[in-house]
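Next up, my_file_5.cif (mmCIF, C-alpha atoms and all ligand atoms):
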```cif
data_coords
#
loop_
_atom_site.label_atom_id
_atom_site.label_comp_id
_atom_site.auth_asym_id
_atom_site.auth_seq_id
_atom_site.Cartn_x
_atom_site.Cartn_y
_atom_site.Cartn_z
CA MET O 1 13.35 -105.91 -59.23
CA ASP O 2 17.14 -106.15 -59.06
CA ASP O 3 19.42 -106.10 -62.10
CA LYS O 4 20.15 -109.83 -61.95
CA ALA O 5 16.44 -110.70 -62.10
CA ARG O 6 15.85 -108.21 -64.91
CA ALA O 7 18.78 -109.59 -66.90
CA ALA O 8 17.60 -113.17 -66.39
CA LEU O 9 14.12 -112.19 -67.57
CA LYS O 10 15.58 -110.58 -70.67
CA ASN O 11 17.23 -113.92 -71.41
CA GLY O 12 13.84 -115.56 -71.23
CA ALA O 13 14.45 -117.52 -68.02
CA ILE O 14 10.75 -117.32 -67.19
CA ARG O 15 9.14 -118.42 -70.39
CA HIS O 16 5.70 -118.89 -68.89
CA ILE O 17 4.03 -117.37 -65.82
CA ALA O 18 0.53 -118.36 -64.72
CA PHE O 19 -1.84 -116.69 -62.24
CA ILE O 20 -4.66 -118.07 -60.15
CA MET O 21 -6.58 -114.83 -59.77
CA ASP O 22 -8.21 -115.41 -56.39
CA GLY O 23 -9.70 -113.08 -53.79
CA ASN O 24 -12.06 -110.77 -55.71
CA GLY O 25 -15.03 -111.64 -53.47
CA ARG O 26 -13.17 -111.15 -50.19
CA TRP O 27 -11.68 -107.89 -51.44
CA ALA O 28 -15.16 -106.57 -52.27
CA THR O 29 -16.67 -107.68 -48.96
CA LYS O 30 -13.87 -105.94 -47.08
CA GLN O 31 -14.65 -102.71 -48.95
CA GLY O 32 -18.40 -103.01 -48.37
CA LYS O 33 -18.95 -103.65 -52.08
CA THR O 34 -20.76 -106.45 -53.90
CA ARG O 35 -18.77 -109.48 -55.07
CA ASN O 36 -19.51 -108.48 -58.64
CA GLU O 37 -17.78 -105.15 -58.11
CA GLY O 38 -14.77 -107.13 -56.94
CA HIS O 39 -14.80 -109.07 -60.21
CA LYS O 40 -14.91 -105.81 -62.18
CA VAL O 41 -11.82 -104.48 -60.44
CA GLY O 42 -10.28 -107.94 -60.84
CA ALA O 43 -10.77 -107.72 -64.60
CA ARG O 44 -8.87 -104.45 -64.71
CA VAL O 45 -6.03 -105.93 -62.67
CA PHE O 46 -5.99 -108.91 -65.03
CA GLU O 47 -5.37 -106.59 -67.96
CA GLU O 48 -2.64 -104.64 -66.15
CA THR O 49 -0.93 -107.81 -64.91
CA ALA O 50 -0.90 -109.49 -68.31
CA SER O 51 0.46 -106.34 -69.96
CA TYR O 52 3.15 -105.91 -67.30
CA CYS O 53 4.34 -109.53 -67.63
CA HIS O 54 4.61 -109.17 -71.39
CA GLU O 55 6.51 -105.90 -70.88
CA LEU O 56 8.93 -107.82 -68.66
CA GLY O 57 9.61 -110.06 -71.62
CA ILE O 58 7.68 -113.12 -70.42
CA ARG O 59 6.38 -114.62 -73.65
CA HIS O 60 3.61 -116.79 -72.24
CA VAL O 61 1.14 -115.57 -69.63
CA THR O 62 -1.82 -117.60 -68.38
CA VAL O 63 -4.67 -116.46 -66.15
CA TYR O 64 -7.29 -118.62 -64.46
CA ALA O 65 -10.52 -116.65 -64.82
CA PHE O 66 -13.36 -119.16 -64.43
CA SER O 67 -13.15 -122.83 -63.44
CA THR O 68 -15.39 -125.75 -64.38
CA GLU O 69 -16.39 -125.73 -60.68
CA ASN O 70 -17.29 -122.02 -60.63
CA TRP O 71 -20.62 -122.87 -62.36
CA SER O 72 -21.77 -123.99 -58.88
CA ARG O 73 -21.77 -120.39 -57.61
CA PRO O 74 -25.08 -118.55 -57.16
CA ARG O 75 -26.73 -117.88 -60.51
CA PRO O 76 -26.53 -114.05 -60.32
CA GLU O 77 -22.74 -114.23 -59.76
CA VAL O 78 -22.27 -116.65 -62.67
CA ASP O 79 -24.41 -114.43 -64.91
CA ALA O 80 -22.43 -111.34 -63.91
CA LEU O 81 -19.12 -113.11 -64.65
CA MET O 82 -20.37 -114.21 -68.09
CA LYS O 83 -21.49 -110.66 -68.88
CA LEU O 84 -18.20 -109.20 -67.71
CA PHE O 85 -16.30 -111.71 -69.82
CA SER O 86 -18.39 -111.00 -72.91
CA ASN O 87 -17.97 -107.21 -72.55
CA TYR O 88 -14.30 -107.72 -72.00
CA ILE O 89 -13.85 -109.51 -75.28
CA ASP O 90 -15.20 -106.42 -77.05
CA THR O 91 -12.95 -103.94 -75.28
CA ALA O 92 -9.81 -104.96 -73.41
CA MET O 93 -9.08 -107.92 -75.61
CA ARG O 94 -8.93 -105.60 -78.62
CA ARG O 95 -6.24 -103.72 -76.75
CA PHE O 96 -4.23 -106.93 -76.46
CA HIS O 97 -4.55 -107.23 -80.19
CA GLU O 98 -3.05 -103.76 -80.60
CA LYS O 99 -0.14 -104.90 -78.44
CA LYS O 100 0.35 -107.85 -80.78
CA ILE O 101 -0.51 -110.44 -78.17
CA ARG O 102 -2.01 -113.74 -79.24
CA VAL O 103 -5.08 -114.64 -77.20
CA VAL O 104 -5.85 -118.32 -76.58
CA PHE O 105 -8.86 -119.47 -74.56
CA LEU O 106 -8.28 -122.57 -72.45
CA GLY O 107 -11.42 -124.59 -71.79
CA ASP O 108 -14.49 -126.05 -73.42
CA LYS O 109 -16.11 -123.33 -75.51
CA SER O 110 -19.06 -125.48 -76.57
CA VAL O 111 -21.05 -124.49 -73.46
CA PHE O 112 -21.15 -120.79 -74.39
CA PRO O 113 -23.88 -119.12 -76.45
CA ARG O 114 -23.12 -119.23 -80.18
CA LYS O 115 -22.47 -115.48 -80.44
CA LEU O 116 -19.97 -115.44 -77.58
CA ARG O 117 -18.23 -118.51 -78.92
CA ALA O 118 -17.92 -116.90 -82.34
CA LYS O 119 -16.36 -113.78 -80.75
CA MET O 120 -13.85 -115.93 -78.86
CA GLU O 121 -12.91 -117.86 -81.97
CA LYS O 122 -12.54 -114.70 -84.03
CA LEU O 123 -10.23 -113.15 -81.47
CA GLU O 124 -8.09 -116.30 -81.44
CA LYS O 125 -7.95 -116.44 -85.20
CA ASP O 126 -7.20 -112.73 -85.67
CA SER O 127 -4.23 -112.89 -83.30
CA GLU O 128 -2.92 -116.28 -84.41
CA SER O 129 0.21 -114.89 -86.07
CA PHE O 130 1.54 -113.12 -82.93
CA SER O 131 4.16 -114.99 -80.96
CA ASP O 132 3.56 -113.67 -77.41
CA ILE O 133 0.67 -115.61 -75.90
CA LEU O 134 -1.98 -114.74 -73.34
CA ASN O 135 -3.90 -117.87 -72.32
CA ILE O 136 -7.23 -117.12 -70.69
CA ALA O 137 -8.61 -120.11 -68.80
CA PHE O 138 -12.37 -119.71 -68.86
CA ASN O 139 -14.59 -122.70 -68.18
CA TYR O 140 -11.30 -124.46 -67.56
CA GLY O 141 -10.57 -127.49 -65.40
CA GLY O 142 -7.34 -129.50 -65.41
CA ARG O 143 -9.12 -132.85 -65.21
CA ASP O 144 -11.58 -131.82 -67.88
CA GLU O 145 -8.64 -130.81 -70.10
CA ILE O 146 -6.89 -134.18 -69.72
CA VAL O 147 -10.09 -136.15 -70.42
CA ASN O 148 -10.78 -133.97 -73.43
CA ALA O 149 -7.25 -134.58 -74.76
CA VAL O 150 -7.57 -138.37 -74.33
CA ASN O 151 -10.96 -138.40 -76.07
CA ARG O 152 -9.52 -136.46 -79.00
CA LEU O 153 -6.65 -138.96 -79.25
CA ILE O 154 -9.14 -141.85 -79.23
CA ARG O 155 -11.12 -140.17 -82.01
CA GLU O 156 -7.88 -139.87 -83.97
CA GLY O 157 -7.57 -143.65 -83.73
CA LYS O 158 -4.77 -143.90 -81.14
CA THR O 159 -4.79 -147.03 -78.96
CA GLU O 160 -1.62 -146.14 -77.08
CA ILE O 161 -0.22 -142.69 -76.37
CA THR O 162 2.96 -140.93 -75.29
CA LYS O 163 3.41 -137.97 -72.94
CA GLU O 164 4.11 -135.83 -76.00
CA ASP O 165 0.80 -136.93 -77.60
CA LEU O 166 -1.08 -135.91 -74.50
CA ALA O 167 0.71 -132.55 -74.08
CA SER O 168 0.06 -131.65 -77.71
CA HIS O 169 -3.68 -132.24 -77.27
CA LEU O 170 -4.06 -130.08 -74.16
CA TYR O 171 -5.59 -126.61 -74.47
CA THR O 172 -2.12 -125.21 -73.72
CA ALA O 173 -0.43 -126.98 -76.65
CA ALA O 174 1.01 -123.67 -77.92
CA SER O 175 2.82 -122.86 -74.64
CA PRO O 176 5.63 -124.51 -72.68
CA ASP O 177 4.85 -125.72 -69.14
CA PRO O 178 4.61 -122.82 -66.68
CA ASP O 179 7.86 -122.01 -64.87
CA LEU O 180 6.02 -120.11 -62.16
CA ILE O 181 2.44 -120.31 -60.88
CA VAL O 182 1.31 -117.42 -58.66
CA ARG O 183 -1.85 -117.70 -56.55
CA THR O 184 -3.25 -114.64 -54.80
CA GLY O 185 -5.78 -114.68 -51.95
CA GLY O 186 -3.83 -116.76 -49.43
CA ASP O 187 -5.05 -120.28 -50.22
CA MET O 188 -2.37 -122.85 -51.01
CA ARG O 189 -3.96 -125.11 -53.57
CA LEU O 190 -4.24 -125.47 -57.33
CA SER O 191 -8.05 -125.77 -57.55
CA ASN O 192 -7.90 -127.89 -60.73
CA PHE O 193 -5.47 -125.56 -62.55
CA LEU O 194 -2.90 -126.88 -65.05
CA LEU O 195 -2.66 -130.29 -63.37
CA TRP O 196 -0.52 -131.88 -66.08
CA GLN O 197 1.56 -128.80 -66.90
CA SER O 198 2.43 -127.92 -63.28
CA ALA O 199 4.52 -131.08 -62.71
CA TYR O 200 7.72 -129.01 -62.22
CA SER O 201 6.36 -125.49 -61.86
CA GLU O 202 7.53 -123.33 -58.99
CA LEU O 203 4.55 -122.35 -56.85
CA TYR O 204 4.23 -118.93 -55.23
CA PHE O 205 1.42 -118.05 -52.84
CA THR O 206 0.66 -114.57 -51.58
CA ASP O 207 -1.98 -113.26 -49.18
CA VAL O 208 -2.52 -110.23 -51.43
CA LEU O 209 -6.07 -110.30 -52.79
CA TRP O 210 -6.21 -110.26 -56.59
CA PRO O 211 -7.69 -106.73 -56.98
CA ASP O 212 -4.83 -105.37 -54.82
CA LEU O 213 -2.05 -107.02 -56.87
CA ASP O 214 0.38 -104.50 -58.35
CA GLU O 215 3.68 -104.43 -60.22
CA ASN O 216 5.69 -104.58 -56.98
CA ASP O 217 3.94 -107.82 -56.00
CA ILE O 218 4.75 -109.30 -59.40
CA ASP O 219 8.38 -108.19 -59.07
CA GLU O 220 8.43 -109.87 -55.65
CA ALA O 221 7.13 -113.16 -57.11
CA VAL O 222 9.70 -113.03 -59.92
CA LYS O 223 12.51 -112.27 -57.47
CA ASN O 224 11.41 -115.16 -55.31
CA PHE O 225 11.43 -117.44 -58.37
CA TYR O 226 15.07 -116.57 -59.01
CA SER O 227 15.99 -117.58 -55.46
CA ARG O 228 14.75 -121.14 -56.06
CA LYS O 229 16.95 -124.01 -57.13
CA ARG O 230 15.07 -126.01 -59.75
CA LYS O 231 16.33 -129.58 -59.73
CA PHE O 232 13.91 -131.56 -61.90
CA GLY O 233 14.75 -134.69 -59.95
CA LYS O 234 18.51 -134.42 -60.45
CA VAL O 235 21.30 -133.96 -57.93
CA LEU O 236 22.71 -130.45 -58.33
C1 LIG O 301 -11.59 -115.25 -58.02
O1 LIG O 301 -12.10 -114.58 -56.94
C2 LIG O 301 -12.40 -115.07 -59.28
C3 LIG O 301 -13.17 -116.26 -59.68
C4 LIG O 301 -13.04 -117.45 -59.19
C5 LIG O 301 -14.15 -116.06 -60.75
P1 LIG O 301 -13.19 -115.24 -56.00
O2 LIG O 301 -14.54 -114.86 -56.52
O3 LIG O 301 -12.97 -116.68 -55.85
O4 LIG O 301 -12.91 -114.47 -54.65
P2 LIG O 301 -12.95 -115.08 -53.18
O5 LIG O 301 -12.02 -116.25 -53.16
O6 LIG O 301 -14.36 -115.48 -52.92
O7 LIG O 301 -12.49 -113.96 -52.32
C1 LIG O 302 -9.86 -120.73 -58.36
O1 LIG O 302 -10.50 -119.95 -57.41
C2 LIG O 302 -10.48 -120.49 -59.70
C3 LIG O 302 -10.19 -119.19 -60.30
C4 LIG O 302 -9.39 -118.28 -59.80
C5 LIG O 302 -10.86 -118.92 -61.53
P1 LIG O 302 -11.71 -120.51 -56.54
O2 LIG O 302 -12.09 -119.43 -55.60
O3 LIG O 302 -12.79 -121.03 -57.42
O4 LIG O 302 -11.03 -121.75 -55.79
P2 LIG O 302 -11.43 -122.47 -54.44
O5 LIG O 302 -12.91 -122.74 -54.50
O6 LIG O 302 -11.09 -121.55 -53.31
O7 LIG O 302 -10.59 -123.71 -54.41
MG MG O 303 -11.91 -117.81 -54.50
#
```

Turn this file's structure into structure tokens for me.
Amino acid sequence: MDDKARAALKNGAIRHIAFIMDGNGRWATKQGKTRNEGHKVGARVFEETASYCHELGIRHVTVYAFSTENWSRPRPEVDALMKLFSNYIDTAMRRFHEKKIRVVFLGDKSVFPRKLRAKMEKLEKDSESFSDILNIAFNYGGRDEIVNAVNRLIREGKTEITKEDLASHLYTAASPDPDLIVRTGGDMRLSNFLLWQSAYSELYFTDVLWPDLDENDIDEAVKNFYSRKRKFGKVL
């Protein structure tokens, strides 16, 4: 990363970076491994990526780990992902705690077994006072999130709402909108990720498969971000 990009980061120019962690399955197949092995390596890269972004001074980091549509995958893959996630909460997530990172889960937790849900809630609560945030989207869907927010507003008695009302009832209420969304794996789509919040996000797509992503690739994405002219509808 060049000095200009580093200096801009220090000044907090990227407040929020989000990752669509795609390509674990293809990476594994290419290596002659099972898809589940790809997810395991992917989990390690997730931890390294989140830590690196926080080290760069980016206060809010979001990762898309499991979508509301991913339940349609073969049962053994879904089971393996749930197990990996549950083990992860016991180990790596504790390490985030040591780094004073606040963990927030984006998505509907009510579908998870009671024990897992309790672990997720405890982790959120224990890290609540830290100001750097890691949002982990697990059982997350952008449409699901918007419907959930509207239903909560209805339950609160609202008959008419503002954009601010809606934003403050999304799972991401504690974070600003993402400045940059990075998708690995070569596909150029959002796949139901942060539909409301991505209105003015810069999008960056790379062919690198998620388990191969390293610090240089992240530097490249950040550098690319600084070459963009963000206009927000104005004439600059
Ligand atoms: C992303 O990798 C991880 C999840 C969606 C859980 P994929 O499993 O989608 O990997 P590809 O796209 O099949 O290679
Ligand atoms: C997006 O990847 C979801 C996550 C990374 C968790 P998918 O692999 O599920 O997306 P599609 O099916 O290619 O759109
Ligand atoms: Mg995929």

Q.
Within 10 Å of ligand MG 303 (chain O) (counting all atoms listed in the file), which residues show up? I'd like them as a list in words.
A. Ile20, Met21, Asp22, Gly23, Asn24, Gly25, Arg26, Asn70, Thr184, Gly185, Gly186, Asp187, Ser191, Leu209 and Trp210 of chain O

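For the choices O:Gln197, O:Thr162, O:Ser110, O:Thr68, the atom-to-atom distance to Pro176 in chain O is smallest for O:Gln197 when using all atoms listed in the file.
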
Of the candidates O:Asp179, O:Asp2, O:Glu156, O:Glu69, which one gets nearest to Tyr204 in chain O if we count all atoms listed in the file?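 Closest to Tyr204 in chain O of all the choices is O:Asp179.
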
note - CA of Ser131 in chain O and CA of Met82 in chain O are separated by 27.7 Å

- Message: Which residue is closest to ligand LIG 302 (chain O)? Choose from O:Lys100, O:Leu84, O:Pro113, O:Ser67 and count only C-alpha atoms and all ligand atoms.
- Response: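 For ligand LIG 302 (chain O), the nearest of the given residues is O:Ser67.
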
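Proximity to ligand LIG 301 (chain O) was assessed for O:Val61, O:Ala137, O:Leu166, O:Ile181 counting only C-alpha atoms and all ligand atoms; the smallest distance is recorded for O:Ala137.
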
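Of the residues under consideration (O:Asp132, O:Glu164, O:Asp3, O:Asp90), O:Asp132 shows the shortest atom-to-atom contact distance to Ala50 in chain O when counting all atoms listed in the file.
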
### Query
So which one's closest to ligand LIG 301 (chain O), O:Phe225, O:Phe193, O:Tyr171, O:Phe130? Using only C-alpha atoms and all ligand atoms, please.
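Residue with the minimum atom-to-atom distance to ligand LIG 301 (chain O): O:Phe193.
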
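Straight-line separation from CA of Met93 in chain O to CA of Leu123 in chain O: 7.9 Å.
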
A straight line from atom O7 of ligand LIG 302 (chain O) to CA of Arg189 in chain O spans 6.8 Å

What lies within 7 Å of Ile136 in chain O using all atoms listed in the file, ignoring chain neighbours under 5 positions off, as a ChimeraX atom specification?
/O:62-65,104-106

Expected file: the selected residues, C-alpha atoms, as a CSV table (one decimal), in the frame of the given file:
```
chain,number,residue,atom,x,y,z
O,62,THR,CA,-1.8,-117.6,-68.4
O,63,VAL,CA,-4.7,-116.5,-66.2
O,64,TYR,CA,-7.3,-118.6,-64.5
O,65,ALA,CA,-10.5,-116.6,-64.8
O,104,VAL,CA,-5.8,-118.3,-76.6
O,105,PHE,CA,-8.9,-119.5,-74.6
O,106,LEU,CA,-8.3,-122.6,-72.4
```
